[in-house]
Amino acid sequence: MSALQLSFFSAFTLSGLGLAFHRTHLVSALLCLESMMLSMYVALSMWPIHTQTTSATLLPLLMLAFSACEAATGLALLVASTRTHGSDHLHNLNLLQC
């Protein structure tokens, strides 16, 4: 495993650990998801360079579009939950409470 692959893998793993252990606010969970998507985007963008292929792939652009949609949906959920519950704490968002 090269140093470049190790850095992308460690960035993705640290983002996943941040998502698993720091789940107090919805904003922190969304930031961890965005950092996971960013590390995957950079890894997919560097993959053709690493494998020395001349063809450009559309997979990083497609993933970037999905990441933008995910960010917009997350921010919309953040605004909606803040308006209805008064804060962005995840322990306030209990679906069984309705």
# chains A, B, ... in the order shown; residues from 1 in each chain; ligands from 1
$ residues_around --residues "region 25-29 of chain A" --least-positions-apart "5" --cutoff "8 Å" --atoms "only C-alpha atoms" --output "list in words"
Gly18, Leu19, Leu78, Asp88, His89 and Leu90 of chain A
$ closest_residue --among "A:Gly74, A:Ala11, A:Leu93, A:His85" --to "Val42 (chain A)" --atoms "only C-alpha atoms"
A:Ala11
$ atom_distance --atom1 "CA of Ser45 (chain A)" --atom2 "CA of Thr57 (chain A)"
8.3 Å
$ atom_distance --atom1 "CA of Thr84 (chain A)" --atom2 "CA of Phe66 (chain A)"
26.8 Å
$ select_by_dssp --residues "chain A" --states "alpha helix (DSSP H)" --output "PyMOL selection string"
chain A and resi 3-21+26-51+59-85
$ atom_distance --atom1 "CA of Phe21 (chain A)" --atom2 "CA of Asn92 (chain A)"
17.2 Å
$ closest_residue --among "A:Gln5, A:Arg23, A:Ser81, A:Cys69" --to "Leu44 (chain A)" --atoms "only C-alpha atoms"
A:Gln5
$ residues_around --residues "Ala20 (chain A)" --least-positions-apart "6" --cutoff "12 Å" --atoms "only C-alpha atoms" --output "MDAnalysis selection string"
chainID A and resid 13:14 28:30 32:33
$ residues_around --residues "Ser10 (chain A)" --least-positions-apart "6" --cutoff "10 Å" --atoms "only C-alpha atoms" --output "list of chain:residue names"
A:Leu4, A:Gly16, A:Ser39
$ residues_around --residues "Met36 (chain A)" --least-positions-apart "4" --cutoff "7 Å" --atoms "only C-alpha atoms" --output "PyMOL selection string"
chain A and resi 12+15+32+40
$ closest_residue --among "A:Leu6, A:Leu38, A:Leu31, A:Val79" --to "Ser67 (chain A)" --atoms "only C-alpha atoms"
A:Leu38
$ decode --residues "region 69-97 of chain A" --atoms "N, CA, C and O atoms" --output "PDB file, in the first residue's frame"
ATOM      1  N   CYS A  69     -25.805  16.812  -3.550  1.00  0.00           N
ATOM      2  CA  CYS A  69     -27.203  16.517  -3.210  1.00  0.00           C
ATOM      3  C   CYS A  69     -27.337  16.074  -1.753  1.00  0.00           C
ATOM      4  O   CYS A  69     -28.288  16.457  -1.061  1.00  0.00           O
ATOM      5  N   GLU A  70     -26.379  15.296  -1.292  1.00  0.00           N
ATOM      6  CA  GLU A  70     -26.388  14.848   0.105  1.00  0.00           C
ATOM      7  C   GLU A  70     -26.205  16.016   1.061  1.00  0.00           C
ATOM      8  O   GLU A  70     -26.861  16.091   2.101  1.00  0.00           O
ATOM      9  N   ALA A  71     -25.350  16.954   0.698  1.00  0.00           N
ATOM     10  CA  ALA A  71     -25.130  18.124   1.550  1.00  0.00           C
ATOM     11  C   ALA A  71     -26.374  19.002   1.599  1.00  0.00           C
ATOM     12  O   ALA A  71     -26.748  19.507   2.666  1.00  0.00           O
ATOM     13  N   ALA A  72     -27.032  19.181   0.457  1.00  0.00           N
ATOM     14  CA  ALA A  72     -28.250  19.994   0.433  1.00  0.00           C
ATOM     15  C   ALA A  72     -29.363  19.346   1.247  1.00  0.00           C
ATOM     16  O   ALA A  72     -30.084  20.030   1.984  1.00  0.00           O
ATOM     17  N   THR A  73     -29.499  18.032   1.132  1.00  0.00           N
ATOM     18  CA  THR A  73     -30.515  17.326   1.909  1.00  0.00           C
ATOM     19  C   THR A  73     -30.209  17.384   3.401  1.00  0.00           C
ATOM     20  O   THR A  73     -31.111  17.578   4.225  1.00  0.00           O
ATOM     21  N   GLY A  74     -28.936  17.247   3.761  1.00  0.00           N
ATOM     22  CA  GLY A  74     -28.548  17.328   5.160  1.00  0.00           C
ATOM     23  C   GLY A  74     -28.800  18.698   5.759  1.00  0.00           C
ATOM     24  O   GLY A  74     -29.279  18.815   6.892  1.00  0.00           O
ATOM     25  N   LEU A  75     -28.500  19.740   4.994  1.00  0.00           N
ATOM     26  CA  LEU A  75     -28.764  21.092   5.506  1.00  0.00           C
ATOM     27  C   LEU A  75     -30.257  21.369   5.612  1.00  0.00           C
ATOM     28  O   LEU A  75     -30.696  22.057   6.539  1.00  0.00           O
ATOM     29  N   ALA A  76     -31.047  20.838   4.684  1.00  0.00           N
ATOM     30  CA  ALA A  76     -32.496  21.003   4.785  1.00  0.00           C
ATOM     31  C   ALA A  76     -33.038  20.287   6.019  1.00  0.00           C
ATOM     32  O   ALA A  76     -33.901  20.822   6.728  1.00  0.00           O
ATOM     33  N   LEU A  77     -32.518  19.091   6.301  1.00  0.00           N
ATOM     34  CA  LEU A  77     -32.927  18.383   7.517  1.00  0.00           C
ATOM     35  C   LEU A  77     -32.482  19.115   8.772  1.00  0.00           C
ATOM     36  O   LEU A  77     -33.188  19.124   9.785  1.00  0.00           O
ATOM     37  N   LEU A  78     -31.308  19.723   8.715  1.00  0.00           N
ATOM     38  CA  LEU A  78     -30.815  20.491   9.853  1.00  0.00           C
ATOM     39  C   LEU A  78     -31.722  21.675  10.148  1.00  0.00           C
ATOM     40  O   LEU A  78     -32.093  21.925  11.301  1.00  0.00           O
ATOM     41  N   VAL A  79     -32.104  22.412   9.117  1.00  0.00           N
ATOM     42  CA  VAL A  79     -32.988  23.566   9.305  1.00  0.00           C
ATOM     43  C   VAL A  79     -34.358  23.123   9.799  1.00  0.00           C
ATOM     44  O   VAL A  79     -34.919  23.719  10.728  1.00  0.00           O
ATOM     45  N   ALA A  80     -34.884  22.053   9.224  1.00  0.00           N
ATOM     46  CA  ALA A  80     -36.206  21.571   9.642  1.00  0.00           C
ATOM     47  C   ALA A  80     -36.197  21.070  11.085  1.00  0.00           C
ATOM     48  O   ALA A  80     -37.121  21.362  11.857  1.00  0.00           O
ATOM     49  N   SER A  81     -35.152  20.342  11.473  1.00  0.00           N
ATOM     50  CA  SER A  81     -35.110  19.842  12.847  1.00  0.00           C
ATOM     51  C   SER A  81     -34.854  20.957  13.843  1.00  0.00           C
ATOM     52  O   SER A  81     -35.368  20.911  14.965  1.00  0.00           O
ATOM     53  N   THR A  82     -34.095  21.960  13.457  1.00  0.00           N
ATOM     54  CA  THR A  82     -33.870  23.086  14.359  1.00  0.00           C
ATOM     55  C   THR A  82     -35.145  23.894  14.556  1.00  0.00           C
ATOM     56  O   THR A  82     -35.427  24.367  15.657  1.00  0.00           O
ATOM     57  N   ARG A  83     -35.929  24.035  13.499  1.00  0.00           N
ATOM     58  CA  ARG A  83     -37.191  24.771  13.633  1.00  0.00           C
ATOM     59  C   ARG A  83     -38.214  24.016  14.464  1.00  0.00           C
ATOM     60  O   ARG A  83     -38.948  24.613  15.244  1.00  0.00           O
ATOM     61  N   THR A  84     -38.289  22.710  14.319  1.00  0.00           N
ATOM     62  CA  THR A  84     -39.314  21.959  15.045  1.00  0.00           C
ATOM     63  C   THR A  84     -38.903  21.604  16.461  1.00  0.00           C
ATOM     64  O   THR A  84     -39.720  21.644  17.371  1.00  0.00           O
ATOM     65  N   HIS A  85     -37.626  21.243  16.667  1.00  0.00           N
ATOM     66  CA  HIS A  85     -37.186  20.785  17.981  1.00  0.00           C
ATOM     67  C   HIS A  85     -36.415  21.833  18.765  1.00  0.00           C
ATOM     68  O   HIS A  85     -36.131  21.629  19.938  1.00  0.00           O
ATOM     69  N   GLY A  86     -35.992  22.908  18.137  1.00  0.00           N
ATOM     70  CA  GLY A  86     -35.312  23.978  18.850  1.00  0.00           C
ATOM     71  C   GLY A  86     -33.801  23.845  18.913  1.00  0.00           C
ATOM     72  O   GLY A  86     -33.121  24.800  19.254  1.00  0.00           O
ATOM     73  N   SER A  87     -33.240  22.707  18.589  1.00  0.00           N
ATOM     74  CA  SER A  87     -31.785  22.541  18.599  1.00  0.00           C
ATOM     75  C   SER A  87     -31.422  21.441  17.613  1.00  0.00           C
ATOM     76  O   SER A  87     -32.287  20.774  17.055  1.00  0.00           O
ATOM     77  N   ASP A  88     -30.105  21.263  17.422  1.00  0.00           N
ATOM     78  CA  ASP A  88     -29.657  20.217  16.506  1.00  0.00           C
ATOM     79  C   ASP A  88     -29.050  19.031  17.232  1.00  0.00           C
ATOM     80  O   ASP A  88     -28.314  18.266  16.652  1.00  0.00           O
ATOM     81  N   HIS A  89     -29.386  18.873  18.509  1.00  0.00           N
ATOM     82  CA  HIS A  89     -28.904  17.705  19.255  1.00  0.00           C
ATOM     83  C   HIS A  89     -29.587  16.450  18.731  1.00  0.00           C
ATOM     84  O   HIS A  89     -30.794  16.423  18.523  1.00  0.00           O
ATOM     85  N   LEU A  90     -28.799  15.416  18.532  1.00  0.00           N
ATOM     86  CA  LEU A  90     -29.354  14.185  17.964  1.00  0.00           C
ATOM     87  C   LEU A  90     -30.205  13.408  18.956  1.00  0.00           C
ATOM     88  O   LEU A  90     -31.074  12.645  18.555  1.00  0.00           O
ATOM     89  N   HIS A  91     -29.991  13.607  20.247  1.00  0.00           N
ATOM     90  CA  HIS A  91     -30.806  12.871  21.214  1.00  0.00           C
ATOM     91  C   HIS A  91     -32.228  13.437  21.271  1.00  0.00           C
ATOM     92  O   HIS A  91     -33.133  12.771  21.781  1.00  0.00           O
ATOM     93  N   ASN A  92     -32.456  14.647  20.741  1.00  0.00           N
ATOM     94  CA  ASN A  92     -33.815  15.199  20.673  1.00  0.00           C
ATOM     95  C   ASN A  92     -34.611  14.636  19.498  1.00  0.00           C
ATOM     96  O   ASN A  92     -35.819  14.762  19.455  1.00  0.00           O
ATOM     97  N   LEU A  93     -33.933  14.006  18.545  1.00  0.00           N
ATOM     98  CA  LEU A  93     -34.591  13.522  17.341  1.00  0.00           C
ATOM     99  C   LEU A  93     -34.981  12.056  17.490  1.00  0.00           C
ATOM    100  O   LEU A  93     -34.556  11.190  16.760  1.00  0.00           O
ATOM    101  N   ASN A  94     -35.826  11.767  18.448  1.00  0.00           N
ATOM    102  CA  ASN A  94     -36.287  10.406  18.689  1.00  0.00           C
ATOM    103  C   ASN A  94     -37.551  10.169  17.862  1.00  0.00           C
ATOM    104  O   ASN A  94     -38.551  10.866  18.028  1.00  0.00           O
ATOM    105  N   LEU A  95     -37.507   9.196  16.962  1.00  0.00           N
ATOM    106  CA  LEU A  95     -38.659   8.931  16.100  1.00  0.00           C
ATOM    107  C   LEU A  95     -39.804   8.249  16.839  1.00  0.00           C
ATOM    108  O   LEU A  95     -40.936   8.295  16.407  1.00  0.00           O
ATOM    109  N   LEU A  96     -39.507   7.625  17.952  1.00  0.00           N
ATOM    110  CA  LEU A  96     -40.555   6.929  18.704  1.00  0.00           C
ATOM    111  C   LEU A  96     -41.360   7.871  19.572  1.00  0.00           C
ATOM    112  O   LEU A  96     -42.372   7.478  20.144  1.00  0.00           O
ATOM    113  N   GLN A  97     -40.930   9.123  19.673  1.00  0.00           N
ATOM    114  CA  GLN A  97     -41.563  10.064  20.582  1.00  0.00           C
ATOM    115  C   GLN A  97     -42.803  10.694  19.967  1.00  0.00           C
ATOM    116  O   GLN A  97     -43.734  11.010  20.680  1.00  0.00           O
TER     117      GLN A  97
END
